[in-house]
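Colleague: Starting off with a structure, shown below.
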Amino acid sequence: MRCAILGFVAGAAFLQTRAALPDPWHLLACALAALVLLLALRGPARAACAGGLLGFCWAALLAHAALSQELGKADEGRDIALVGTVANLPHDFGEGVRFQFDVETVLTAAAQVPPKLALSWYGGAADPVRPGARWRLTVRLQRPHGNANPHGFDYEAWLLGQGVRATGYVRPKADNRRLDAFVPTPSNLVERSRDALRARIMAALDGKPYAPVIVALVIGDQRGIEQADWDIFNRTGVSHLVAISGLHITMIAGLAAWAAASLWRRSFFTRAQLPLLLPTRKVAALAGAMAALLYVLLAGFGVPAQRTLYMLSVVALALWCGRLASVSHVLCLALGLVVVLDPWCLLWPGFWLSFGAVGVILFAGVGRIARQETGWRGTLRLAARTQYAVTLGLVPVTLLLFAQVSLIGPLANAVAIPVVSFVVTPLALAGSLLPAPLSAPVLLLAHLAIEALAAVLGWLAALPHAVWSAPSPPPWLFLLALAGTVWMLAPRGWPHRWVGAVSWLPLFALLPAHPPPGQFRVTAFDVGQGMALLVETEGHRLLYDTGPQYAATQNGATRVLLPYLRARGIHHLDGMIVSHSDVDHAGGALTLLDALQVEWMASSLAPGHPVVRKAQSSHRRCVAGQRWEWDGVAFEMLQPGEASYADPGLKANARSCTLRISAQGRAMLLAADIEAAQEAQLLASAPDQLRADVLLAPHHGSGTSSTPAFLAAVQPSIGVFQVGHRNRYKHPKKQVFERYGALGIRRLRTDQSGALVFDFGESIGGIAVSEYRREQARYWHGR
């Protein structure tokens, strides 16, 4: 059975790497082959093969069903009237509220709308948006789309796993109104209960900095936690505790089982002799499983919570049936159930960390505990062994997923686990459920404990070597380190277990890749409507623009640039250019200056701009005529002229830092947001310096740039348009885009191709081009 389940999981995982779904005939053939193997089952290999085929078929069937619920192509971008209910906990993001919406009725004739939507309501509504409420809304929708970058978050895959097949926003219409305050369904009842608990906690802890952490521990809603707090939790390796983890659920289930057993054994202090009717052990198992189910429902049904619930349920069922279940069987059953219900969970780090941690504990425990240890010393020894095994066992996986390992993690967890699990979480749950006069002091006590813990964690996170960072390893290196880790954690008697540590040496010694001498690489990120490009030579790195500002705490740096740079092992920039002050170019600059060491920064920003004040002495103005060379690669600043800074009437676009990069007869021109007037100035002042093989289309391909004379002078073979999907400016303009095509210029758009990588000098033609959506195509991308 275990081999069949592992095969099933492997088959489902294989499907998630496919660019297209198999057709029904191929699925039927796979199902028949699995059936033949099952009928002729002999040995674990055939069981694993049969399970793999079934897992592939099952995941494909669910994917076909999910993708069949699409928004009509003609319905994108038009007003559609709907009636439906709020399906989850709304999230207040400052400018409005976001929520999922279950569609009941489509009022607009002939509109094809999927049953679940993700909506934003800017400005909010007159009545509060609460789970389970029925609304009539006018919305504007689009098909699922997200930024596509290496090492980035796949928003389209996340939407597919959530069952959401269209996103959009509520239009400000007079007929938007609430029809019913609450529609009673089991799902709505759970979500309304979560909403009520969140409101109660936030009211009792109004203004307290760690109130969102208490909310996360009670109902699993982590969206209110500040990014600065997440940075501390990640650096200290305790982020798994700031959620409803398996440890918390097991503790609550254990308390419920103990309470039920105590009362049942005493027949609730009556003479009913209840244990004669039903054994106390069965009552305790049932109570623990029910408590775990309720807590998991409040938690939002995440993967760690599901795993724990299924494991506890299998154990409870085994007790009821009088059959003992081995731990490995329980873990495999939980693994299979999670993947059967949600095959897309395999795409997320939480799945691998959750099951990986339990698997490491089971493997490391074999042959290590000769007898059951009792007393507090035995408990401490067991806890220390468990923490040691988990810390070592997850190092390769953590480096693969996050490109860093918390060195201070074991010490931080030794402090945080007992505080969070045995103090904060019980107090938070009790304070959430107690009546009003008693709830506030209990919640304040829980907040006081988490505040004290956060102070300790903040001190640990600030230590100079709290985290070890390295580039995300290639598959072969990861497998080598994993094999060495298994060797180190092998049971007693295994020869020379310390040799396994040798496999980690190349993992930690891995250095960021770089172009050969005299060549350069440019990565144009998919940041939506904005610009951000990384220029790399053999020994230097330059960031040109920093992406847009998406929300108060979200920008191109937090969503795209920093995850990419960390995964590459890049923690230092030799230079950063912010072309001008528009928020779609400078949105991530402050975040990057806080997170990375930047040797110098150049911009056309005013002296009082926050980014200039942050950079202080390392800042310099962009001025035409500036030149430098890195590793055989030449950099030339062509715009703006020194005199432009004395003209207060110029727009920010007119002072865009225009940079030309060249090596071995190949060049790229980064023109930011210059317009026709600046293009004419370049034609007059530097006509011989404009020639480039690749042109970053000025102003995202707007109608005010890319004049025929400018394109004739540059003579690019490739034009790059960094634009947002269905952006409100309608960039690139149709006539401009066609102008590039009429000149025989290959046109690449980040909204269609995802991140673009240009290697100058690595191909026969001199430039190798990589399109992320083409090379990492997945069936849910819909292209």
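Naming scheme: A, B, ... for chains in displayed order of the structure tokens; residues 1 onward per chain; ligands 1 onward as shown.
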Hey, could you make a per-residue contact list for range 482-544 of chain A against range 468-475 of chain A with 8 Å as the cut-off, showing the nearest pair of atoms and its distance in Å to one decimal, counting only C-alpha atoms, sorted by chain and number, as CSV?

Modeller:
residue,atom,partner,partner_atom,distance
A:Leu507,CA,A:Pro473,CA,6.7
A:Phe508,CA,A:Ala470,CA,6.2
A:Ala509,CA,A:Ala470,CA,7.7
A:Leu510,CA,A:Pro471,CA,6.4
A:Leu511,CA,A:Pro471,CA,6.5
A:Pro512,CA,A:Pro471,CA,6.0

Colleague: Which neighbours of Val106 in chain A fall inside 8 Å, counting only C-alpha atoms, when residues of the same chain fewer than 3 positions from it are skipped, and could you give them as a list in words?

Modeller: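 Within the cut-off, the hits are Ile80, Ala81, Leu82, Val83, Val103, Ala109, Ala111 and Val113 of chain A.
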
Colleague: Given only C-alpha atoms as the basis, pick out the residue of A:Gln519, A:Ser326, A:Thr236, A:Thr485 nearest to His465 in chain A.

Modeller: A:Thr236

Colleague: Between CA of Ala66 in chain A and CA of Gly300 in chain A, what is the spacing in Å?

Modeller: 20.4 Å

Colleague: Need to verify the contact set: range 564-568 of chain A, 8 Å, only C-alpha atoms, exclusion of same-chain residues closer than 2 positions in sequence. Can you return it as number ranges by chain?

Modeller: A: 149-152, 402-403, 469-472, 512-513, 560-562, 570-571

Colleague: Save the residues we just selected, N, CA and C atoms, as an mmCIF file, in the first residue's frame?

Modeller:
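Okay, again.cif is ready:
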data_model
loop_
_atom_site.group_PDB
_atom_site.id
_atom_site.type_symbol
_atom_site.label_atom_id
_atom_site.label_comp_id
_atom_site.auth_asym_id
_atom_site.auth_seq_id
_atom_site.Cartn_x
_atom_site.Cartn_y
_atom_site.Cartn_z
ATOM 1 N N ASN A 149 8.301 34.822 -13.357
ATOM 2 C CA ASN A 149 9.733 35.070 -13.195
ATOM 3 C C ASN A 149 10.403 33.849 -12.575
ATOM 4 N N PRO A 150 11.690 33.621 -12.878
ATOM 5 C CA PRO A 150 12.409 32.535 -12.200
ATOM 6 C C PRO A 150 12.400 32.751 -10.690
ATOM 7 N N HIS A 151 12.149 31.667 -9.956
ATOM 8 C CA HIS A 151 12.129 31.680 -8.491
ATOM 9 C C HIS A 151 11.010 32.563 -7.939
ATOM 10 N N GLY A 152 10.013 32.860 -8.751
ATOM 11 C CA GLY A 152 8.922 33.719 -8.307
ATOM 12 C C GLY A 152 7.681 32.930 -7.938
ATOM 13 N N PHE A 402 14.378 27.997 -0.464
ATOM 14 C CA PHE A 402 14.510 29.377 -0.007
ATOM 15 C C PHE A 402 15.913 29.953 -0.162
ATOM 16 N N ALA A 403 16.884 29.149 -0.575
ATOM 17 C CA ALA A 403 18.264 29.604 -0.778
ATOM 18 C C ALA A 403 18.887 30.160 0.495
ATOM 19 N N SER A 469 23.328 31.944 3.533
ATOM 20 C CA SER A 469 22.684 32.033 2.222
ATOM 21 C C SER A 469 23.590 31.444 1.162
ATOM 22 N N ALA A 470 22.982 30.813 0.186
ATOM 23 C CA ALA A 470 23.716 30.240 -0.940
ATOM 24 C C ALA A 470 22.759 30.156 -2.121
ATOM 25 N N PRO A 471 23.263 30.120 -3.343
ATOM 26 C CA PRO A 471 22.361 29.978 -4.490
ATOM 27 C C PRO A 471 21.543 28.696 -4.406
ATOM 28 N N SER A 472 20.338 28.747 -4.919
ATOM 29 C CA SER A 472 19.502 27.547 -4.965
ATOM 30 C C SER A 472 20.217 26.476 -5.787
ATOM 31 N N PRO A 512 27.235 32.213 -7.139
ATOM 32 C CA PRO A 512 26.312 32.636 -8.200
ATOM 33 C C PRO A 512 26.955 32.502 -9.577
ATOM 34 N N ALA A 513 26.183 32.045 -10.543
ATOM 35 C CA ALA A 513 26.683 31.941 -11.911
ATOM 36 C C ALA A 513 26.884 33.334 -12.498
ATOM 37 N N VAL A 560 9.274 40.339 -6.670
ATOM 38 C CA VAL A 560 9.999 39.770 -7.802
ATOM 39 C C VAL A 560 11.514 39.795 -7.603
ATOM 40 N N LEU A 561 12.075 40.978 -7.355
ATOM 41 C CA LEU A 561 13.529 41.135 -7.411
ATOM 42 C C LEU A 561 14.249 40.430 -6.270
ATOM 43 N N LEU A 562 13.809 40.655 -5.033
ATOM 44 C CA LEU A 562 14.512 40.034 -3.908
ATOM 45 C C LEU A 562 14.407 38.511 -3.916
ATOM 46 N N ILE A 570 22.672 36.284 -4.702
ATOM 47 C CA ILE A 570 23.188 37.640 -4.928
ATOM 48 C C ILE A 570 22.730 38.536 -3.780
ATOM 49 N N HIS A 571 23.678 39.028 -3.009
ATOM 50 C CA HIS A 571 23.365 39.894 -1.869
ATOM 51 C C HIS A 571 24.097 41.226 -1.943
#

Colleague: From a DSSP calculation on the backbone, collect every residue of range 44-279 of chain A in alpha helix (DSSP H) and output the set as an mmCIF file with N, CA and C atoms, in the first residue's frame.

Modeller:
data_model
loop_
_atom_site.group_PDB
_atom_site.id
_atom_site.type_symbol
_atom_site.label_atom_id
_atom_site.label_comp_id
_atom_site.auth_asym_id
_atom_site.auth_seq_id
_atom_site.Cartn_x
_atom_site.Cartn_y
_atom_site.Cartn_z
ATOM 1 N N PRO A 44 6.392 -4.569 -4.828
ATOM 2 C CA PRO A 44 6.263 -3.119 -4.652
ATOM 3 C C PRO A 44 6.472 -2.321 -5.932
ATOM 4 N N ALA A 45 7.297 -2.812 -6.870
ATOM 5 C CA ALA A 45 7.566 -2.048 -8.088
ATOM 6 C C ALA A 45 6.302 -1.867 -8.908
ATOM 7 N N ARG A 46 5.524 -2.966 -9.077
ATOM 8 C CA ARG A 46 4.286 -2.857 -9.841
ATOM 9 C C ARG A 46 3.268 -1.997 -9.109
ATOM 10 N N ALA A 47 3.238 -2.099 -7.784
ATOM 11 C CA ALA A 47 2.316 -1.255 -7.016
ATOM 12 C C ALA A 47 2.647 0.214 -7.214
ATOM 13 N N ALA A 48 3.941 0.539 -7.207
ATOM 14 C CA ALA A 48 4.345 1.925 -7.400
ATOM 15 C C ALA A 48 4.007 2.404 -8.809
ATOM 16 N N CYS A 49 4.214 1.554 -9.813
ATOM 17 C CA CYS A 49 3.885 1.933 -11.196
ATOM 18 C C CYS A 49 2.390 2.144 -11.375
ATOM 19 N N ALA A 50 1.590 1.218 -10.812
ATOM 20 C CA ALA A 50 0.136 1.369 -10.902
ATOM 21 C C ALA A 50 -0.315 2.641 -10.188
ATOM 22 N N GLY A 51 0.242 2.881 -9.008
ATOM 23 C CA GLY A 51 -0.100 4.092 -8.289
ATOM 24 C C GLY A 51 0.297 5.346 -9.052
ATOM 25 N N GLY A 52 1.462 5.318 -9.704
ATOM 26 C CA GLY A 52 1.897 6.469 -10.492
ATOM 27 C C GLY A 52 0.951 6.777 -11.630
ATOM 28 N N LEU A 53 0.506 5.739 -12.351
ATOM 29 C CA LEU A 53 -0.443 5.960 -13.449
ATOM 30 C C LEU A 53 -1.771 6.508 -12.935
ATOM 31 N N LEU A 54 -2.251 5.955 -11.810
ATOM 32 C CA LEU A 54 -3.504 6.439 -11.251
ATOM 33 C C LEU A 54 -3.378 7.882 -10.761
ATOM 34 N N GLY A 55 -2.243 8.203 -10.139
ATOM 35 C CA GLY A 55 -2.043 9.574 -9.674
ATOM 36 C C GLY A 55 -2.009 10.555 -10.825
ATOM 37 N N PHE A 56 -1.340 10.177 -11.922
ATOM 38 C CA PHE A 56 -1.292 11.030 -13.103
ATOM 39 C C PHE A 56 -2.690 11.241 -13.674
ATOM 40 N N CYS A 57 -3.449 10.156 -13.791
ATOM 41 C CA CYS A 57 -4.811 10.254 -14.349
ATOM 42 C C CYS A 57 -5.725 11.090 -13.437
ATOM 43 N N TRP A 58 -5.654 10.846 -12.146
ATOM 44 C CA TRP A 58 -6.524 11.565 -11.214
ATOM 45 C C TRP A 58 -6.240 13.068 -11.247
ATOM 46 N N ALA A 59 -4.963 13.440 -11.192
ATOM 47 C CA ALA A 59 -4.610 14.856 -11.224
ATOM 48 C C ALA A 59 -5.017 15.500 -12.545
ATOM 49 N N ALA A 60 -4.879 14.746 -13.648
ATOM 50 C CA ALA A 60 -5.271 15.286 -14.951
ATOM 51 C C ALA A 60 -6.777 15.488 -15.037
ATOM 52 N N LEU A 61 -7.556 14.553 -14.506
ATOM 53 C CA LEU A 61 -9.017 14.705 -14.519
ATOM 54 C C LEU A 61 -9.443 15.931 -13.724
ATOM 55 N N LEU A 62 -8.867 16.123 -12.540
ATOM 56 C CA LEU A 62 -9.205 17.303 -11.751
ATOM 57 C C LEU A 62 -8.794 18.581 -12.467
ATOM 58 N N ALA A 63 -7.643 18.546 -13.137
ATOM 59 C CA ALA A 63 -7.186 19.727 -13.862
ATOM 60 C C ALA A 63 -8.114 20.047 -15.032
ATOM 61 N N HIS A 64 -8.533 19.013 -15.778
ATOM 62 C CA HIS A 64 -9.493 19.234 -16.873
ATOM 63 C C HIS A 64 -10.777 19.861 -16.342
ATOM 64 N N ALA A 65 -11.270 19.348 -15.214
ATOM 65 C CA ALA A 65 -12.510 19.881 -14.650
ATOM 66 C C ALA A 65 -12.336 21.333 -14.202
ATOM 67 N N ALA A 66 -11.192 21.653 -13.590
ATOM 68 C CA ALA A 66 -10.965 23.015 -13.108
ATOM 69 C C ALA A 66 -10.818 23.998 -14.263
ATOM 70 N N LEU A 67 -10.100 23.599 -15.316
ATOM 71 C CA LEU A 67 -9.854 24.511 -16.433
ATOM 72 C C LEU A 67 -11.077 24.676 -17.335
ATOM 73 N N TYR A 155 1.249 32.871 -9.288
ATOM 74 C CA TYR A 155 -0.095 33.287 -8.878
ATOM 75 C C TYR A 155 -1.169 32.525 -9.639
ATOM 76 N N GLU A 156 -0.912 32.195 -10.898
ATOM 77 C CA GLU A 156 -1.904 31.470 -11.690
ATOM 78 C C GLU A 156 -2.109 30.055 -11.153
ATOM 79 N N ALA A 157 -1.037 29.401 -10.714
ATOM 80 C CA ALA A 157 -1.171 28.070 -10.115
ATOM 81 C C ALA A 157 -1.927 28.153 -8.794
ATOM 82 N N TRP A 158 -1.652 29.187 -8.001
ATOM 83 C CA TRP A 158 -2.352 29.352 -6.722
ATOM 84 C C TRP A 158 -3.846 29.555 -6.951
ATOM 85 N N LEU A 159 -4.213 30.355 -7.932
ATOM 86 C CA LEU A 159 -5.631 30.564 -8.243
ATOM 87 C C LEU A 159 -6.293 29.253 -8.668
ATOM 88 N N LEU A 160 -5.584 28.450 -9.469
ATOM 89 C CA LEU A 160 -6.135 27.167 -9.903
ATOM 90 C C LEU A 160 -6.394 26.264 -8.708
ATOM 91 N N GLY A 161 -5.452 26.216 -7.773
ATOM 92 C CA GLY A 161 -5.647 25.394 -6.582
ATOM 93 C C GLY A 161 -6.793 25.884 -5.718
ATOM 94 N N GLN A 162 -7.069 27.184 -5.750
ATOM 95 C CA GLN A 162 -8.181 27.760 -4.989
ATOM 96 C C GLN A 162 -9.525 27.602 -5.702
ATOM 97 N N PRO A 186 -22.758 25.152 5.323
ATOM 98 C CA PRO A 186 -21.645 24.743 6.196
ATOM 99 C C PRO A 186 -20.386 25.580 5.989
ATOM 100 N N SER A 187 -20.010 25.840 4.719
ATOM 101 C CA SER A 187 -18.814 26.625 4.446
ATOM 102 C C SER A 187 -18.961 28.055 4.952
ATOM 103 N N ASN A 188 -20.123 28.661 4.692
ATOM 104 C CA ASN A 188 -20.343 30.033 5.147
ATOM 105 C C ASN A 188 -20.346 30.125 6.664
ATOM 106 N N LEU A 189 -20.856 29.096 7.311
ATOM 107 C CA LEU A 189 -20.882 29.090 8.778
ATOM 108 C C LEU A 189 -19.457 29.064 9.339
ATOM 109 N N VAL A 190 -18.581 28.260 8.735
ATOM 110 C CA VAL A 190 -17.188 28.200 9.189
ATOM 111 C C VAL A 190 -16.508 29.541 8.966
ATOM 112 N N GLU A 191 -16.673 30.118 7.766
ATOM 113 C CA GLU A 191 -15.998 31.378 7.463
ATOM 114 C C GLU A 191 -16.542 32.527 8.317
ATOM 115 N N ARG A 192 -17.847 32.529 8.595
ATOM 116 C CA ARG A 192 -18.402 33.581 9.449
ATOM 117 C C ARG A 192 -17.882 33.442 10.881
ATOM 118 N N SER A 193 -17.709 32.201 11.330
ATOM 119 C CA SER A 193 -17.143 31.981 12.665
ATOM 120 C C SER A 193 -15.706 32.492 12.725
ATOM 121 N N ARG A 194 -14.930 32.224 11.692
ATOM 122 C CA ARG A 194 -13.559 32.732 11.635
ATOM 123 C C ARG A 194 -13.541 34.255 11.636
ATOM 124 N N ASP A 195 -14.475 34.850 10.897
ATOM 125 C CA ASP A 195 -14.561 36.306 10.839
ATOM 126 C C ASP A 195 -14.902 36.892 12.212
ATOM 127 N N ALA A 196 -15.823 36.244 12.915
ATOM 128 C CA ALA A 196 -16.207 36.734 14.240
ATOM 129 C C ALA A 196 -15.055 36.629 15.231
ATOM 130 N N LEU A 197 -14.305 35.522 15.168
ATOM 131 C CA LEU A 197 -13.145 35.374 16.054
ATOM 132 C C LEU A 197 -12.073 36.407 15.741
ATOM 133 N N ARG A 198 -11.845 36.654 14.458
ATOM 134 C CA ARG A 198 -10.847 37.664 14.094
ATOM 135 C C ARG A 198 -11.257 39.049 14.596
ATOM 136 N N ALA A 199 -12.524 39.395 14.403
ATOM 137 C CA ALA A 199 -12.998 40.698 14.873
ATOM 138 C C ALA A 199 -12.882 40.818 16.385
ATOM 139 N N ARG A 200 -13.164 39.747 17.082
ATOM 140 C CA ARG A 200 -13.090 39.777 18.542
ATOM 141 C C ARG A 200 -11.659 39.978 19.022
ATOM 142 N N ILE A 201 -10.716 39.265 18.385
ATOM 143 C CA ILE A 201 -9.309 39.396 18.769
ATOM 144 C C ILE A 201 -8.801 40.795 18.472
ATOM 145 N N MET A 202 -9.099 41.310 17.286
ATOM 146 C CA MET A 202 -8.602 42.629 16.910
ATOM 147 C C MET A 202 -9.215 43.724 17.777
ATOM 148 N N ALA A 203 -10.458 43.541 18.217
ATOM 149 C CA ALA A 203 -11.073 44.528 19.114
ATOM 150 C C ALA A 203 -10.422 44.495 20.489
ATOM 151 N N ALA A 204 -10.132 43.297 20.998
ATOM 152 C CA ALA A 204 -9.512 43.192 22.323
ATOM 153 C C ALA A 204 -8.063 43.668 22.308
ATOM 154 N N ALA A 211 -1.104 41.674 17.323
ATOM 155 C CA ALA A 211 -2.465 41.145 17.228
ATOM 156 C C ALA A 211 -2.653 40.252 16.004
ATOM 157 N N PRO A 212 -2.087 40.601 14.809
ATOM 158 C CA PRO A 212 -2.215 39.687 13.658
ATOM 159 C C PRO A 212 -1.581 38.322 13.892
ATOM 160 N N VAL A 213 -0.533 38.248 14.729
ATOM 161 C CA VAL A 213 0.072 36.946 15.031
ATOM 162 C C VAL A 213 -0.892 36.102 15.855
ATOM 163 N N ILE A 214 -1.584 36.722 16.813
ATOM 164 C CA ILE A 214 -2.600 35.996 17.590
ATOM 165 C C ILE A 214 -3.711 35.506 16.672
ATOM 166 N N VAL A 215 -4.121 36.350 15.717
ATOM 167 C CA VAL A 215 -5.146 35.942 14.746
ATOM 168 C C VAL A 215 -4.664 34.736 13.948
ATOM 169 N N ALA A 216 -3.405 34.754 13.522
ATOM 170 C CA ALA A 216 -2.854 33.641 12.741
ATOM 171 C C ALA A 216 -2.861 32.345 13.535
ATOM 172 N N LEU A 217 -2.580 32.427 14.835
ATOM 173 C CA LEU A 217 -2.534 31.222 15.666
ATOM 174 C C LEU A 217 -3.931 30.670 15.949
ATOM 175 N N VAL A 218 -4.933 31.530 15.924
ATOM 176 C CA VAL A 218 -6.295 31.074 16.240
ATOM 177 C C VAL A 218 -7.033 30.604 14.996
ATOM 178 N N ILE A 219 -6.969 31.373 13.905
ATOM 179 C CA ILE A 219 -7.771 31.028 12.724
ATOM 180 C C ILE A 219 -6.930 30.836 11.459
ATOM 181 N N GLN A 227 5.578 42.648 7.048
ATOM 182 C CA GLN A 227 6.716 42.029 6.382
ATOM 183 C C GLN A 227 7.951 42.036 7.271
ATOM 184 N N ALA A 228 8.117 43.090 8.075
ATOM 185 C CA ALA A 228 9.278 43.147 8.971
ATOM 186 C C ALA A 228 9.247 42.004 9.981
ATOM 187 N N ASP A 229 8.050 41.660 10.468
ATOM 188 C CA ASP A 229 7.939 40.532 11.394
ATOM 189 C C ASP A 229 8.235 39.217 10.692
ATOM 190 N N TRP A 230 7.750 39.074 9.462
ATOM 191 C CA TRP A 230 8.054 37.859 8.699
ATOM 192 C C TRP A 230 9.561 37.709 8.490
ATOM 193 N N ASP A 231 10.251 38.819 8.244
ATOM 194 C CA ASP A 231 11.703 38.748 8.055
ATOM 195 C C ASP A 231 12.385 38.179 9.296
ATOM 196 N N ILE A 232 11.936 38.610 10.477
ATOM 197 C CA ILE A 232 12.518 38.095 11.725
ATOM 198 C C ILE A 232 12.193 36.622 11.898
ATOM 199 N N PHE A 233 10.936 36.242 11.648
ATOM 200 C CA PHE A 233 10.541 34.844 11.810
ATOM 201 C C PHE A 233 11.314 33.948 10.839
ATOM 202 N N ASN A 234 11.522 34.419 9.609
ATOM 203 C CA ASN A 234 12.252 33.611 8.628
ATOM 204 C C ASN A 234 13.727 33.499 8.980
ATOM 205 N N ARG A 235 14.331 34.590 9.430
ATOM 206 C CA ARG A 235 15.756 34.558 9.765
ATOM 207 C C ARG A 235 16.018 33.652 10.964
ATOM 208 N N GLY A 246 1.068 21.401 12.825
ATOM 209 C CA GLY A 246 0.688 20.088 13.321
ATOM 210 C C GLY A 246 0.878 19.948 14.815
ATOM 211 N N LEU A 247 1.913 20.612 15.359
ATOM 212 C CA LEU A 247 2.158 20.558 16.796
ATOM 213 C C LEU A 247 1.000 21.161 17.573
ATOM 214 N N HIS A 248 0.486 22.304 17.094
ATOM 215 C CA HIS A 248 -0.627 22.962 17.779
ATOM 216 C C HIS A 248 -1.888 22.101 17.734
ATOM 217 N N ILE A 249 -2.159 21.526 16.564
ATOM 218 C CA ILE A 249 -3.364 20.714 16.423
ATOM 219 C C ILE A 249 -3.271 19.472 17.292
ATOM 220 N N THR A 250 -2.101 18.838 17.296
ATOM 221 C CA THR A 250 -1.915 17.653 18.137
ATOM 222 C C THR A 250 -2.110 17.993 19.609
ATOM 223 N N MET A 251 -1.608 19.151 20.025
ATOM 224 C CA MET A 251 -1.758 19.567 21.417
ATOM 225 C C MET A 251 -3.229 19.769 21.772
ATOM 226 N N ILE A 252 -3.976 20.443 20.901
ATOM 227 C CA ILE A 252 -5.399 20.675 21.170
ATOM 228 C C ILE A 252 -6.161 19.348 21.175
ATOM 229 N N ALA A 253 -5.839 18.474 20.205
ATOM 230 C CA ALA A 253 -6.497 17.165 20.172
ATOM 231 C C ALA A 253 -6.172 16.367 21.429
ATOM 232 N N GLY A 254 -4.920 16.434 21.890
ATOM 233 C CA GLY A 254 -4.539 15.729 23.108
ATOM 234 C C GLY A 254 -5.263 16.245 24.335
ATOM 235 N N LEU A 255 -5.413 17.567 24.440
ATOM 236 C CA LEU A 255 -6.141 18.140 25.574
ATOM 237 C C LEU A 255 -7.605 17.719 25.553
ATOM 238 N N ALA A 256 -8.198 17.729 24.344
ATOM 239 C CA ALA A 256 -9.600 17.317 24.241
ATOM 240 C C ALA A 256 -9.758 15.841 24.593
ATOM 241 N N ALA A 257 -8.817 15.007 24.120
ATOM 242 C CA ALA A 257 -8.894 13.580 24.431
ATOM 243 C C ALA A 257 -8.727 13.336 25.934
ATOM 244 N N TRP A 258 -7.788 14.060 26.545
ATOM 245 C CA TRP A 258 -7.577 13.905 27.996
ATOM 246 C C TRP A 258 -8.811 14.334 28.783
ATOM 247 N N ALA A 259 -9.407 15.463 28.402
ATOM 248 C CA ALA A 259 -10.598 15.942 29.118
ATOM 249 C C ALA A 259 -11.757 14.966 28.948
ATOM 250 N N ALA A 260 -11.965 14.484 27.711
ATOM 251 C CA ALA A 260 -13.069 13.556 27.477
ATOM 252 C C ALA A 260 -12.850 12.251 28.227
ATOM 253 N N ALA A 261 -11.609 11.748 28.212
ATOM 254 C CA ALA A 261 -11.321 10.492 28.920
ATOM 255 C C ALA A 261 -11.530 10.649 30.420
ATOM 256 N N SER A 262 -11.094 11.777 30.984
ATOM 257 C CA SER A 262 -11.249 11.996 32.425
ATOM 258 C C SER A 262 -12.718 12.033 32.817
ATOM 259 N N LEU A 263 -13.502 12.751 32.047
ATOM 260 C CA LEU A 263 -14.927 12.861 32.378
ATOM 261 C C LEU A 263 -15.658 11.540 32.129
ATOM 262 N N TRP A 264 -15.320 10.871 31.037
ATOM 263 C CA TRP A 264 -15.996 9.604 30.721
ATOM 264 C C TRP A 264 -15.652 8.524 31.750
ATOM 265 N N ARG A 265 -14.384 8.495 32.166
ATOM 266 C CA ARG A 265 -13.951 7.500 33.145
ATOM 267 C C ARG A 265 -14.712 7.688 34.459
ATOM 268 N N LEU A 274 -20.481 4.755 32.418
ATOM 269 C CA LEU A 274 -20.365 4.886 30.969
ATOM 270 C C LEU A 274 -19.241 4.049 30.357
ATOM 271 N N PRO A 275 -18.100 3.854 31.022
ATOM 272 C CA PRO A 275 -17.048 3.020 30.408
ATOM 273 C C PRO A 275 -17.486 1.595 30.102
ATOM 274 N N LEU A 276 -18.536 1.104 30.782
ATOM 275 C CA LEU A 276 -19.032 -0.236 30.462
ATOM 276 C C LEU A 276 -19.791 -0.244 29.145
ATOM 277 N N LEU A 277 -20.330 0.900 28.764
ATOM 278 C CA LEU A 277 -21.060 0.991 27.500
ATOM 279 C C LEU A 277 -20.121 1.221 26.314
#

Colleague: What's the 6 Å shell around Gly132 in chain A, counting only C-alpha atoms, without same-chain residues fewer than 5 positions away, as a VMD selection string?

Modeller: chain A and resid 85 to 86 182 to 183 188

Colleague: Residues of the last selection are to be written out with N, CA and C atoms, as an mmCIF file, in the first residue's frame.

Modeller:
data_model
loop_
_atom_site.group_PDB
_atom_site.id
_atom_site.type_symbol
_atom_site.label_atom_id
_atom_site.label_comp_id
_atom_site.auth_asym_id
_atom_site.auth_seq_id
_atom_site.Cartn_x
_atom_site.Cartn_y
_atom_site.Cartn_z
ATOM 1 N N THR A 85 -22.333 35.105 -3.189
ATOM 2 C CA THR A 85 -22.006 35.244 -1.769
ATOM 3 C C THR A 85 -20.505 35.387 -1.573
ATOM 4 N N VAL A 86 -20.125 36.088 -0.519
ATOM 5 C CA VAL A 86 -18.720 36.226 -0.136
ATOM 6 C C VAL A 86 -18.261 34.883 0.430
ATOM 7 N N PHE A 182 -26.718 36.980 5.620
ATOM 8 C CA PHE A 182 -26.044 35.691 5.772
ATOM 9 C C PHE A 182 -26.845 34.606 5.076
ATOM 10 N N VAL A 183 -26.128 33.779 4.303
ATOM 11 C CA VAL A 183 -26.717 32.620 3.631
ATOM 12 C C VAL A 183 -26.203 31.376 4.342
ATOM 13 N N ASN A 188 -20.123 28.661 4.692
ATOM 14 C CA ASN A 188 -20.343 30.033 5.147
ATOM 15 C C ASN A 188 -20.346 30.125 6.664
#
